[in-house]
$ cat coords_1.cif   # mmCIF, C-alpha atoms
data_my_file
loop_
_atom_site.label_atom_id
_atom_site.label_comp_id
_atom_site.auth_asym_id
_atom_site.auth_seq_id
_atom_site.Cartn_x
_atom_site.Cartn_y
_atom_site.Cartn_z
CA MET A 1281 27.59 -79.96 -202.06
CA THR A 1282 27.88 -83.23 -200.15
CA GLY A 1283 30.69 -84.43 -197.90
CA ASP A 1284 31.57 -86.25 -194.73
CA GLY A 1285 35.09 -85.26 -193.77
CA THR A 1286 36.65 -82.35 -191.91
CA ASN A 1287 38.24 -81.18 -195.13
CA ASP A 1288 34.76 -80.92 -196.69
CA ALA A 1289 33.53 -78.55 -193.98
CA PRO A 1290 34.60 -75.27 -195.69
CA ALA A 1291 32.90 -76.25 -198.94
CA LEU A 1292 29.76 -77.40 -197.11
CA ALA A 1293 29.62 -74.06 -195.29
CA GLN A 1294 29.92 -72.03 -198.50
CA ALA A 1295 27.53 -74.14 -200.57
CA ASP A 1296 23.94 -72.99 -201.19
CA VAL A 1297 22.80 -76.38 -199.92
CA GLY A 1298 25.30 -78.42 -197.93
CA VAL A 1299 24.44 -82.06 -197.17
CA ALA A 1300 26.64 -83.86 -194.64
CA MET A 1301 26.62 -87.62 -194.18
CA ASN A 1302 25.53 -88.92 -190.81
CA THR A 1303 28.66 -91.06 -190.64
CA GLY A 1304 30.86 -88.02 -191.24
CA THR A 1305 32.78 -85.87 -188.81
CA SER A 1306 31.25 -83.35 -186.43
CA ALA A 1307 32.83 -80.51 -188.37
CA ALA A 1308 31.08 -81.61 -191.58
CA LYS A 1309 27.71 -81.98 -189.82
CA GLU A 1310 27.97 -78.53 -188.25
CA ALA A 1311 28.96 -76.91 -191.52
CA GLY A 1312 26.17 -78.48 -193.62
CA ASN A 1313 22.59 -77.25 -193.93
CA MET A 1314 21.22 -80.73 -193.43
CA VAL A 1315 22.42 -84.20 -192.46
CA ASP A 1316 21.57 -87.37 -194.38
CA LEU A 1317 20.84 -89.86 -191.62
CA ASP A 1318 21.15 -92.81 -194.03
CA SER A 1319 24.50 -91.56 -195.36
CA ASP A 1320 23.30 -92.34 -198.89
CA PRO A 1321 24.52 -89.88 -201.55
CA THR A 1322 21.95 -91.23 -204.03
CA LYS A 1323 19.27 -89.47 -201.99
CA LEU A 1324 20.47 -86.11 -203.24
CA ILE A 1325 17.84 -86.10 -205.99
CA GLU A 1326 15.12 -86.75 -203.41
CA ILE A 1327 16.54 -84.02 -201.19
CA VAL A 1328 16.47 -81.54 -204.06
CA GLU A 1329 12.84 -82.43 -204.81
CA ILE A 1330 11.88 -81.99 -201.15
CA GLY A 1331 13.67 -78.63 -201.08
CA ARG A 1332 11.83 -77.51 -204.19
CA GLN A 1333 8.54 -78.66 -202.69
CA LEU A 1334 9.24 -76.67 -199.52
CA LEU A 1335 10.09 -73.61 -201.60
CA ILE A 1336 6.96 -73.97 -203.73
CA THR A 1337 4.80 -74.50 -200.65
CA ARG A 1338 6.19 -71.41 -198.97
CA GLY A 1339 5.61 -69.34 -202.09
CA ALA A 1340 2.08 -70.66 -202.51
CA LEU A 1341 1.14 -69.93 -198.89
CA THR A 1342 2.71 -66.47 -199.06
CA THR A 1343 0.84 -65.65 -202.28
CA PHE A 1344 -2.44 -66.86 -200.80
CA SER A 1345 -1.92 -64.92 -197.56
CA ILE A 1346 -1.13 -61.64 -199.33
CA ALA A 1347 -4.09 -61.96 -201.69
CA ASN A 1348 -6.28 -63.02 -198.77
CA ASP A 1349 -5.30 -59.95 -196.71
CA VAL A 1350 -5.94 -57.57 -199.61
CA ALA A 1351 -9.46 -58.96 -200.02
CA LYS A 1352 -10.21 -58.74 -196.29
CA TYR A 1353 -9.42 -55.02 -196.34
CA PHE A 1354 -12.59 -54.50 -198.38
CA ALA A 1355 -14.55 -55.78 -195.38
CA ILE A 1356 -12.58 -54.17 -192.55
CA ILE A 1357 -11.67 -50.68 -193.84
CA PRO A 1358 -15.23 -49.53 -194.67
CA ALA A 1359 -16.40 -50.83 -191.29
CA LEU A 1360 -13.70 -48.96 -189.37
CA PHE A 1361 -13.58 -45.60 -191.14
CA ALA A 1362 -16.82 -45.13 -193.08
CA ALA A 1363 -18.28 -42.95 -190.29
CA VAL A 1364 -15.34 -40.52 -190.59
CA HIS A 1365 -14.83 -40.84 -194.35
CA PRO A 1366 -18.23 -41.63 -195.91
CA GLY A 1367 -16.65 -42.16 -199.31
CA LEU A 1368 -15.29 -45.47 -198.07
CA ASP A 1369 -18.83 -46.86 -198.20
CA GLU A 1370 -18.14 -47.56 -201.87
CA LEU A 1371 -15.55 -50.16 -200.82
CA ASN A 1372 -18.26 -52.20 -199.10
CA ILE A 1373 -18.78 -54.15 -202.31
CA MET A 1374 -19.76 -57.25 -200.32
CA GLY A 1375 -22.84 -55.49 -198.96
CA LEU A 1376 -22.13 -56.62 -195.40
CA SER A 1377 -24.89 -56.15 -192.82
CA SER A 1378 -23.16 -53.78 -190.40
CA PRO A 1379 -19.69 -52.60 -189.31
CA ASP A 1380 -19.75 -54.94 -186.32
CA SER A 1381 -20.80 -57.87 -188.48
CA ALA A 1382 -18.11 -57.04 -191.05
CA ILE A 1383 -15.30 -57.07 -188.49
CA LEU A 1384 -16.59 -60.19 -186.74
CA SER A 1385 -17.01 -62.02 -190.08
CA ALA A 1386 -13.46 -61.10 -191.12
CA VAL A 1387 -12.03 -62.28 -187.79
CA VAL A 1388 -13.95 -65.58 -187.93
CA PHE A 1389 -12.92 -66.16 -191.55
CA ASN A 1390 -9.28 -65.48 -190.71
CA ALA A 1391 -9.39 -68.02 -187.88
CA LEU A 1392 -11.02 -70.65 -190.10
CA ILE A 1393 -8.64 -70.11 -193.01
CA ILE A 1394 -5.60 -70.55 -190.77
CA ILE A 1395 -6.95 -73.91 -189.64
CA ALA A 1396 -7.70 -74.88 -193.24
CA LEU A 1397 -4.13 -74.10 -194.36
CA VAL A 1398 -2.49 -76.29 -191.69
CA PRO A 1399 -2.92 -79.58 -193.66
CA LEU A 1400 -1.55 -77.90 -196.80
CA SER A 1401 1.44 -76.60 -194.84
CA LEU A 1402 2.20 -80.05 -193.43
CA LYS A 1403 1.63 -81.99 -196.65
CA GLY A 1404 3.12 -79.39 -198.96
CA VAL A 1405 2.25 -78.39 -202.52
CA ARG A 1406 2.94 -81.22 -204.95
CA TYR A 1407 6.12 -80.68 -206.96
CA ARG A 1408 5.92 -81.15 -210.72
CA PRO A 1409 9.02 -80.91 -212.95
CA VAL A 1410 7.78 -78.03 -215.13
CA SER A 1411 9.28 -74.72 -216.19
CA ALA A 1412 9.48 -71.88 -213.73
CA ASP A 1413 7.11 -69.69 -215.80
CA ARG A 1414 4.45 -72.38 -215.93
CA MET A 1415 4.80 -73.07 -212.22
CA LEU A 1416 4.48 -69.34 -211.43
CA ARG A 1417 1.33 -69.00 -213.56
CA ARG A 1418 -0.16 -72.06 -211.87
CA ASN A 1419 0.51 -70.76 -208.37
CA LEU A 1420 -0.80 -67.26 -209.18
CA THR A 1421 -3.98 -68.75 -210.63
CA ILE A 1422 -4.69 -71.19 -207.80
CA TYR A 1423 -3.32 -69.40 -204.75
CA GLY A 1424 -3.29 -65.77 -205.91
CA LEU A 1425 -6.70 -65.63 -207.56
CA GLY A 1426 -8.05 -68.14 -205.06
CA GLY A 1427 -6.76 -65.98 -202.22
CA LEU A 1428 -8.68 -63.00 -203.62
CA ILE A 1429 -11.94 -64.84 -204.22
CA ALA A 1430 -12.09 -66.99 -201.06
CA PRO A 1431 -12.46 -64.07 -198.58
CA PHE A 1432 -15.27 -62.46 -200.58
CA ILE A 1433 -17.24 -65.69 -200.56
CA GLY A 1434 -16.29 -66.78 -197.04
CA ILE A 1435 -16.81 -63.43 -195.29
CA LYS A 1436 -20.15 -62.86 -197.06
CA LEU A 1437 -21.40 -66.33 -196.05
CA ILE A 1438 -20.29 -65.80 -192.44
CA ASP A 1439 -21.94 -62.35 -192.43
CA LEU A 1440 -25.21 -63.87 -193.65
CA LEU A 1441 -24.98 -66.62 -191.04
CA ILE A 1442 -24.22 -64.19 -188.21
CA SER A 1443 -26.96 -61.74 -189.17
CA ARG A 1444 -29.59 -64.45 -189.63
CA VAL A 1445 -28.70 -66.24 -186.42
CA ALA A 1446 -28.75 -62.92 -184.56
CA GLN A 1447 -32.12 -62.00 -186.07
CA ALA A 1448 -33.56 -65.41 -185.23
CA LEU A 1449 -32.30 -65.72 -181.65
CA PHE A 1450 -31.86 -62.09 -180.57
CA HIS A 1451 -34.13 -60.11 -182.87
CA ASP A 1452 -34.58 -57.16 -180.51
CA LYS A 1453 -30.90 -56.80 -179.60
CA ALA A 1454 -29.71 -57.41 -183.17
CA ASN A 1455 -31.72 -54.38 -184.32
CA GLY A 1456 -30.28 -52.09 -181.66
CA SER A 1457 -32.87 -52.63 -178.90
CA GLU A 1458 -35.26 -50.27 -180.66
CA ILE A 1459 -38.19 -48.65 -178.89
CA ARG A 1460 -41.27 -47.92 -180.98
CA ALA A 1461 -44.19 -45.57 -180.51
CA ASP A 1462 -47.07 -45.12 -182.95
CA GLY A 1463 -45.41 -47.61 -185.27
CA LYS A 1464 -42.18 -45.59 -185.51
CA VAL A 1465 -38.74 -46.08 -183.97
CA VAL A 1466 -38.24 -43.34 -181.38
CA GLY A 1467 -34.95 -44.48 -179.91
CA SER A 1468 -33.00 -47.29 -178.30
CA SER A 1469 -33.32 -48.66 -174.79
CA LEU A 1470 -29.52 -48.54 -174.63
CA ILE A 1471 -29.01 -44.83 -175.33
CA GLY A 1472 -30.31 -41.99 -173.21
CA GLN A 1473 -32.01 -38.98 -174.76
CA GLN A 1474 -32.17 -35.35 -173.70
CA GLY A 1475 -34.67 -32.57 -174.35
CA TYR A 1476 -37.83 -33.86 -172.66
CA SER A 1477 -40.29 -31.23 -171.46
CA LEU A 1478 -41.29 -31.15 -167.80
CA ASP A 1479 -44.46 -33.02 -168.75
CA TYR A 1480 -42.28 -36.12 -168.95
CA PHE A 1481 -39.76 -37.89 -166.76
CA GLN A 1482 -36.29 -36.38 -166.95
CA PRO A 1483 -33.10 -38.39 -167.60
CA ARG A 1484 -29.71 -38.00 -165.96
CA PRO A 1485 -27.66 -34.90 -166.84
CA ALA A 1486 -25.30 -35.28 -169.80
CA ASN A 1487 -22.71 -32.59 -169.20
CA GLY A 1488 -19.91 -34.57 -170.85
CA LEU A 1489 -21.45 -34.77 -174.31
CA GLY A 1490 -19.70 -32.97 -177.17
CA GLU A 1491 -20.12 -32.37 -180.91
CA ASN A 1492 -18.06 -33.82 -183.73
CA SER A 1493 -16.29 -31.27 -185.92
CA VAL A 1494 -14.53 -33.70 -188.28
CA ASN A 1495 -17.39 -35.38 -190.13
CA THR A 1496 -19.53 -32.74 -191.79
CA ARG A 1497 -21.89 -35.22 -193.45
CA TYR A 1498 -23.57 -36.20 -190.20
CA LYS A 1499 -24.39 -34.27 -187.04
CA LEU A 1500 -22.77 -36.53 -184.48
CA ILE A 1501 -22.79 -36.39 -180.69
CA LEU A 1502 -19.63 -37.50 -178.94
CA SER A 1503 -20.18 -39.38 -175.69
CA GLY A 1504 -18.01 -38.77 -172.66
CA ALA A 1505 -17.79 -37.57 -169.08
CA THR A 1506 -16.82 -34.20 -167.67
CA ASN A 1507 -13.62 -35.76 -166.22
CA LEU A 1508 -13.77 -33.31 -163.31
CA SER A 1509 -12.49 -34.41 -159.92
CA ALA A 1510 -14.85 -34.70 -156.97
CA ASP A 1511 -13.49 -31.52 -155.37
CA ASN A 1512 -13.47 -29.48 -158.58
CA GLU A 1513 -15.21 -26.16 -158.00
CA GLU A 1514 -16.93 -26.26 -161.38
CA LEU A 1515 -18.34 -29.72 -160.66
CA VAL A 1516 -19.46 -28.78 -157.14
CA LYS A 1517 -21.20 -25.70 -158.50
CA SER A 1518 -22.96 -27.62 -161.28
CA VAL A 1519 -24.16 -30.26 -158.79
CA GLU A 1520 -25.55 -27.61 -156.44
CA GLU A 1521 -27.32 -25.83 -159.29
CA ALA A 1522 -28.72 -29.10 -160.62
CA ARG A 1523 -30.01 -30.09 -157.17
CA ALA A 1524 -31.72 -26.71 -156.74
CA LYS A 1525 -33.35 -27.09 -160.16
CA VAL A 1526 -34.55 -30.62 -159.38
CA VAL A 1527 -36.09 -29.39 -156.12
CA LYS A 1528 -37.80 -26.46 -157.85
CA ASP A 1529 -39.07 -28.43 -160.87
CA ASN A 1530 -40.47 -31.33 -158.87
CA SER A 1531 -42.09 -29.42 -156.01
CA THR A 1532 -45.83 -29.05 -156.52
CA ALA A 1533 -48.62 -27.27 -154.64
CA GLY A 1534 -49.27 -30.25 -152.41
CA HIS A 1535 -45.83 -31.82 -152.39
CA GLU A 1536 -42.52 -30.19 -151.51
CA VAL A 1537 -39.25 -31.86 -152.44
CA LYS A 1538 -36.39 -31.46 -149.99
CA PRO A 1539 -32.74 -31.21 -151.14
CA SER A 1540 -31.91 -34.31 -149.08
CA GLN A 1541 -34.36 -36.33 -151.19
CA VAL A 1542 -32.50 -35.68 -154.43
CA PRO A 1543 -30.53 -38.83 -155.46
CA ALA A 1544 -27.03 -38.66 -156.93
CA ASP A 1545 -28.04 -39.69 -160.44
CA ALA A 1546 -30.35 -36.65 -160.66
CA VAL A 1547 -27.43 -34.22 -160.49
CA THR A 1548 -24.44 -36.12 -161.96
CA SER A 1549 -23.63 -37.35 -165.47
CA SER A 1550 -22.74 -40.93 -166.28
CA GLY A 1551 -19.33 -41.90 -167.64
CA SER A 1552 -20.64 -41.85 -171.21
CA GLY A 1553 -23.33 -39.21 -170.86
CA LEU A 1554 -25.67 -41.65 -172.60
CA ASP A 1555 -27.07 -43.56 -169.62
CA PRO A 1556 -30.66 -44.51 -170.57
CA ASP A 1557 -31.65 -45.34 -167.00
CA ILE A 1558 -32.36 -43.49 -163.79
CA SER A 1559 -32.74 -44.87 -160.29
CA PRO A 1560 -36.22 -45.75 -158.98
CA ALA A 1561 -35.65 -43.05 -156.35
CA TYR A 1562 -35.24 -40.36 -159.02
CA ALA A 1563 -38.27 -41.67 -160.91
CA ASP A 1564 -40.36 -41.61 -157.72
CA LEU A 1565 -39.20 -38.04 -157.07
CA GLN A 1566 -40.74 -36.93 -160.38
CA VAL A 1567 -44.11 -38.66 -159.94
CA HIS A 1568 -45.97 -35.69 -158.39
CA ARG A 1569 -44.78 -33.23 -161.06
CA VAL A 1570 -45.66 -35.56 -163.94
CA ALA A 1571 -49.06 -36.31 -162.43
CA GLU A 1572 -49.90 -32.62 -161.88
CA ARG A 1573 -48.76 -31.43 -165.33
CA ASN A 1574 -50.66 -34.19 -167.14
CA GLY A 1575 -53.83 -34.20 -165.08
CA LEU A 1576 -53.29 -37.72 -163.74
CA THR A 1577 -53.53 -39.07 -160.23
CA VAL A 1578 -50.33 -39.63 -158.28
CA ASP A 1579 -51.25 -43.27 -157.68
CA ARG A 1580 -51.70 -43.92 -161.39
CA VAL A 1581 -48.33 -42.41 -162.29
CA GLN A 1582 -46.64 -44.21 -159.38
CA THR A 1583 -48.04 -47.51 -160.62
CA LEU A 1584 -46.64 -46.73 -164.07
CA VAL A 1585 -43.18 -46.17 -162.57
CA ASP A 1586 -43.35 -49.33 -160.47
CA ASP A 1587 -44.27 -51.35 -163.56
CA HIS A 1588 -41.11 -50.14 -165.33
CA VAL A 1589 -38.58 -50.80 -162.57
CA GLU A 1590 -36.03 -53.38 -163.75
CA GLY A 1591 -34.32 -55.43 -161.08
CA ARG A 1592 -30.67 -56.39 -160.78
CA ALA A 1593 -29.27 -58.52 -163.61
CA LEU A 1594 -29.30 -62.19 -162.55
CA GLY A 1595 -30.60 -60.99 -159.21
CA PHE A 1596 -27.32 -59.59 -157.92
CA ILE A 1597 -25.52 -57.58 -160.63
CA GLY A 1598 -25.98 -53.80 -160.74
CA GLU A 1599 -28.79 -51.77 -159.25
CA PRO A 1600 -32.55 -51.51 -159.89
CA ARG A 1601 -33.21 -49.03 -162.70
CA VAL A 1602 -35.87 -47.39 -164.85
CA ASP A 1603 -35.45 -46.81 -168.59
CA VAL A 1604 -36.53 -43.20 -169.14
CA LEU A 1605 -37.50 -43.54 -172.80
CA GLU A 1606 -39.61 -46.65 -172.19
CA LEU A 1607 -41.28 -44.95 -169.23
CA ASN A 1608 -42.07 -41.81 -171.24
CA VAL A 1609 -43.46 -43.86 -174.13
CA ALA A 1610 -45.71 -45.69 -171.66
CA LEU A 1611 -46.75 -42.33 -170.16
CA ARG A 1612 -47.68 -41.01 -173.58
CA GLU A 1613 -49.76 -44.13 -174.30
CA LEU A 1614 -51.48 -43.71 -170.93
CA LEU A 1615 -52.33 -40.09 -171.75
CA ALA A 1616 -53.71 -41.13 -175.14
CA LYS A 1617 -56.12 -43.54 -173.42
CA SER A 1618 -57.20 -41.04 -170.79
#

$ encode --input "coords_1.cif" --output "C-alpha cells"
Amino acid sequence: MTGDGTNDAPALAQADVGVAMNTGTSAAKEAGNMVDLDSDPTKLIEIVEIGRQLLITRGALTTFSIANDVAKYFAIIPALFAAVHPGLDELNIMGLSSPDSAILSAVVFNALIIIALVPLSLKGVRYRPVSADRMLRRNLTIYGLGGLIAPFIGIKLIDLLISRVAQALFHDKANGSEIRADGKVVGSSLIGQQGYSLDYFQPRPANGLGENSVNTRYKLILSGATNLSADNEELVKSVEEARAKVVKDNSTAGHEVKPSQVPADAVTSSGSGLDPDISPAYADLQVHRVAERNGLTVDRVQTLVDDHVEGRALGFIGEPRVDVLELNVALRELLAKS
C-alpha cells in the first residue's frame, strides 16, 4: 500500500508493507512502515526487491548460524562432559587435541566467523527472481550445508594451529609441565602428590581432598579445602597434631626440632589441596631427617634443597618455594649416584 494523505493513514497502518511519500502528511508517514524520500511511486518495484533481499539475507544468516551452532556442539560437548560421561568421547569426531584446545578453538572460530559474516550482512544476499522452492534449496545447500561443514574445517585447523604453536613455543607447559624420572613421567610440577615415605621430603597436608562417586570409569580425586574457620576446634586440633608429628618425624639423634620452628605450610592445607610447593623453611626443616635416613651428609642434602629453591615470580610476585616432586626426583638421582 502506498499513500500520502491523512485519509490513507488507516490503510497504510493495516497494510503488510505501507510506503508513505515524503511529501505526504505526518499521519501518513507515521502510519507507514517506510517513507519514500523521493516521493516516487515507481520505486515500489525496487522497494519490493530490497525487502525480498533483506528477507533472504536474514533467512540465509539464520540458517547458517543454526547449522554452525549444531556443528560446534561436536567440539564443545565432548570437551565439557567427557570426564563425567565417557561415552561422549565418541562425539569427538574431529579428533581435537584436548578439552582446553577444543573450547578455545571453538571460541576463536566463533569470533572469526562473526567478523566474516559482517560484509555479507551489510551487502546482503543477491536476490534472483526464482521460485520459492528453488530459492530454499539454494539457501539450504549454500548456507545450511556450508554452516555444517565450515566449523568442522575451521575448528580443526585452529586446533592444529594452537597445538603446534603451543608445542613449538611452550613445549613443557603444553604437555602439562611433566616431570620425568628414569625416562618415565612421574607427575607434574603443577600438582602436588601425597604418599611419600619418610626417606623423602614431605609435601603440605591435603586434608581437603575428596573422592569422586559419580564417574565409575576413573578413580578421580576432587581438589578442595577443608573450609574450616580459623577458630574451628577440628582445625585447631588437626594443626596441633600435625605440628607434633612434624616435630617427631624430623627430630634426629643429633638435631632436635622445636615446635616454634614448624612453618605454617607444614601443618595446613592449601586452598586446592594440590599445592606442589613447600616453603624453603619447611624444606630446610626436613634436611636432617632425609640425610640420616638415606646415609647422606647434611651439607649435601642442604645443597640439594638450596639448588631447588625458586624465587619470586618476576622478582616480586609470590614467595620463594620448593617443588617437592622435583626435589624428591633429584634426591633419588643423588642416591643412585652415591

$ closest_residue --input "coords_1.cif" --among "A:Ser1378, A:Ser1618, A:Gln1294, A:Ser1503" --to "A:Thr1577" --atoms "all atoms listed in the file"
A:Ser1618

$ atom_distance --input "coords_1.cif" --atom1 "atom CA of A:Gly1427" --atom2 "atom CA of A:Asp1380"
23.3 Å

$ residues_near_point --input "coords_1.cif" --point "(27.6, -78.2, -197.3)" --cutoff "10 Å" --atoms "only C-alpha atoms" --output "PDB file with C-alpha atoms, in the coordinates of the input"
ATOM      1  CA  MET A1281      27.590 -79.960-202.060  1.00  0.00           C
ATOM      2  CA  THR A1282      27.880 -83.230-200.150  1.00  0.00           C
ATOM      3  CA  GLY A1283      30.690 -84.430-197.900  1.00  0.00           C
ATOM      4  CA  ASP A1284      31.570 -86.250-194.730  1.00  0.00           C
ATOM      5  CA  ASP A1288      34.760 -80.920-196.690  1.00  0.00           C
ATOM      6  CA  ALA A1289      33.530 -78.550-193.980  1.00  0.00           C
ATOM      7  CA  PRO A1290      34.600 -75.270-195.690  1.00  0.00           C
ATOM      8  CA  ALA A1291      32.900 -76.250-198.940  1.00  0.00           C
ATOM      9  CA  LEU A1292      29.760 -77.400-197.110  1.00  0.00           C
ATOM     10  CA  ALA A1293      29.620 -74.060-195.290  1.00  0.00           C
ATOM     11  CA  GLN A1294      29.920 -72.030-198.500  1.00  0.00           C
ATOM     12  CA  ALA A1295      27.530 -74.140-200.570  1.00  0.00           C
ATOM     13  CA  ASP A1296      23.940 -72.990-201.190  1.00  0.00           C
ATOM     14  CA  VAL A1297      22.800 -76.380-199.920  1.00  0.00           C
ATOM     15  CA  GLY A1298      25.300 -78.420-197.930  1.00  0.00           C
ATOM     16  CA  VAL A1299      24.440 -82.060-197.170  1.00  0.00           C
ATOM     17  CA  ALA A1300      26.640 -83.860-194.640  1.00  0.00           C
ATOM     18  CA  MET A1301      26.620 -87.620-194.180  1.00  0.00           C
ATOM     19  CA  ALA A1308      31.080 -81.610-191.580  1.00  0.00           C
ATOM     20  CA  LYS A1309      27.710 -81.980-189.820  1.00  0.00           C
ATOM     21  CA  GLU A1310      27.970 -78.530-188.250  1.00  0.00           C
ATOM     22  CA  ALA A1311      28.960 -76.910-191.520  1.00  0.00           C
ATOM     23  CA  GLY A1312      26.170 -78.480-193.620  1.00  0.00           C
ATOM     24  CA  ASN A1313      22.590 -77.250-193.930  1.00  0.00           C
ATOM     25  CA  MET A1314      21.220 -80.730-193.430  1.00  0.00           C
ATOM     26  CA  VAL A1315      22.420 -84.200-192.460  1.00  0.00           C
TER      27      VAL A1315
END

$ resolve_selection --input "coords_1.cif" --expression "the PyMOL selection byres ((chain A and resi 1356) around 8)" --output "ChimeraX atom specification"
/A:1352-1355,1357-1360,1379,1382-1383,1386

$ residues_near_point --input "coords_1.cif" --point "(-36.8, -42.9, -167.7)" --cutoff "9 Å" --atoms "only C-alpha atoms" --output "list of chain:residue names"
A:Gly1472, A:Tyr1480, A:Phe1481, A:Gln1482, A:Pro1483, A:Arg1484, A:Pro1556, A:Asp1557, A:Ile1558, A:Ser1559, A:Ala1563, A:Val1585, A:His1588, A:Arg1601, A:Val1602, A:Asp1603, A:Val1604, A:Leu1605, A:Glu1606, A:Leu1607, A:Asn1608

$ resolve_selection --input "coords_1.cif" --expression "the PyMOL selection byres ((chain A and resi 1570) around 9)" --output "count of residues only"
17

$ atom_distance --input "coords_1.cif" --atom1 "atom CA of A:Val1466" --atom2 "atom CA of A:Ala1610"
12.5 Å

$ atom_distance --input "coords_1.cif" --atom1 "atom CA of A:Arg1406" --atom2 "atom CA of A:Gln1333"
6.6 Å

$ resolve_selection --input "coords_1.cif" --expression "the PyMOL selection byres ((chain A and resi 1486) around 6)" --output "list in words"
Pro1485, Asn1487, Gly1488, Leu1489, Ser1549 and Gly1553 of chain A

$ closest_residue --input "coords_1.cif" --among "A:Pro1399, A:Pro1431, A:Gly1595, A:Gly1504" --to "A:Ser1385" --atoms "all atoms listed in the file"
A:Pro1431

$ closest_residue --input "coords_1.cif" --among "A:Ser1345, A:Ile1330, A:Phe1596, A:Val1609" --to "A:Val1465" --atoms "all atoms listed in the file"
A:Val1609

$ closest_residue --input "coords_1.cif" --among "A:Asn1419, A:Thr1286, A:Gln1473, A:Ser1531" --to "A:Thr1337" --atoms "all atoms listed in the file"
A:Asn1419

$ closest_residue --input "coords_1.cif" --among "A:Val1519, A:Gly1375, A:Asn1512, A:Ile1325" --to "A:Ala1544" --atoms "only C-alpha atoms"
A:Val1519

$ residues_around --input "coords_1.cif" --residues "A:Arg1332" --least-positions-apart "5" --cutoff "10 Å" --atoms "all atoms listed in the file" --output "list in words"
Glu1326, Ile1327, Thr1337, Arg1338, Val1405, Arg1406, Tyr1407, Arg1408 and Pro1409 of chain A

$ closest_residue --input "coords_1.cif" --among "A:Thr1421, A:Ser1377, A:Ser1443, A:Ser1306" --to "A:Phe1344" --atoms "all atoms listed in the file"
A:Thr1421

$ build_atoms --input "coords_1.cif" --residues "stretch 1296-1301 of chain A" --atoms "all heavy atoms" --output "tab-separated table (two decimals), in the coordinates of the input"
chain	number	residue	atom	x	y	z
A	1296	ASP	N	25.34	-73.41	-201.36
A	1296	ASP	CA	23.94	-72.99	-201.19
A	1296	ASP	C	23.17	-74.02	-200.39
A	1296	ASP	O	22.35	-73.68	-199.52
A	1296	ASP	CB	23.28	-72.78	-202.55
A	1296	ASP	CG	23.88	-71.60	-203.30
A	1296	ASP	OD1	24.34	-70.66	-202.64
A	1296	ASP	OD2	23.89	-71.63	-204.54
A	1297	VAL	N	23.41	-75.29	-200.68
A	1297	VAL	CA	22.80	-76.38	-199.92
A	1297	VAL	C	23.90	-77.39	-199.61
A	1297	VAL	O	24.42	-78.05	-200.51
A	1297	VAL	CB	21.66	-77.08	-200.71
A	1297	VAL	CG1	21.09	-78.22	-199.88
A	1297	VAL	CG2	20.59	-76.09	-201.10
A	1298	GLY	N	24.26	-77.49	-198.34
A	1298	GLY	CA	25.30	-78.42	-197.93
A	1298	GLY	C	24.70	-79.62	-197.22
A	1298	GLY	O	23.98	-79.47	-196.23
A	1299	VAL	N	24.98	-80.82	-197.75
A	1299	VAL	CA	24.44	-82.06	-197.17
A	1299	VAL	C	25.59	-82.87	-196.61
A	1299	VAL	O	26.47	-83.32	-197.36
A	1299	VAL	CB	23.66	-82.88	-198.22
A	1299	VAL	CG1	23.08	-84.13	-197.57
A	1299	VAL	CG2	22.56	-82.05	-198.86
A	1300	ALA	N	25.59	-83.06	-195.30
A	1300	ALA	CA	26.64	-83.86	-194.64
A	1300	ALA	C	26.12	-85.26	-194.36
A	1300	ALA	O	24.93	-85.45	-194.07
A	1300	ALA	CB	27.07	-83.18	-193.35
A	1301	MET	N	27.00	-86.24	-194.48
A	1301	MET	CA	26.62	-87.62	-194.18
A	1301	MET	C	26.58	-87.82	-192.66
A	1301	MET	O	27.39	-87.25	-191.92
A	1301	MET	CB	27.61	-88.59	-194.81
A	1301	MET	CG	27.72	-88.50	-196.33
A	1301	MET	SD	26.21	-88.99	-197.19
A	1301	MET	CE	25.60	-87.38	-197.72
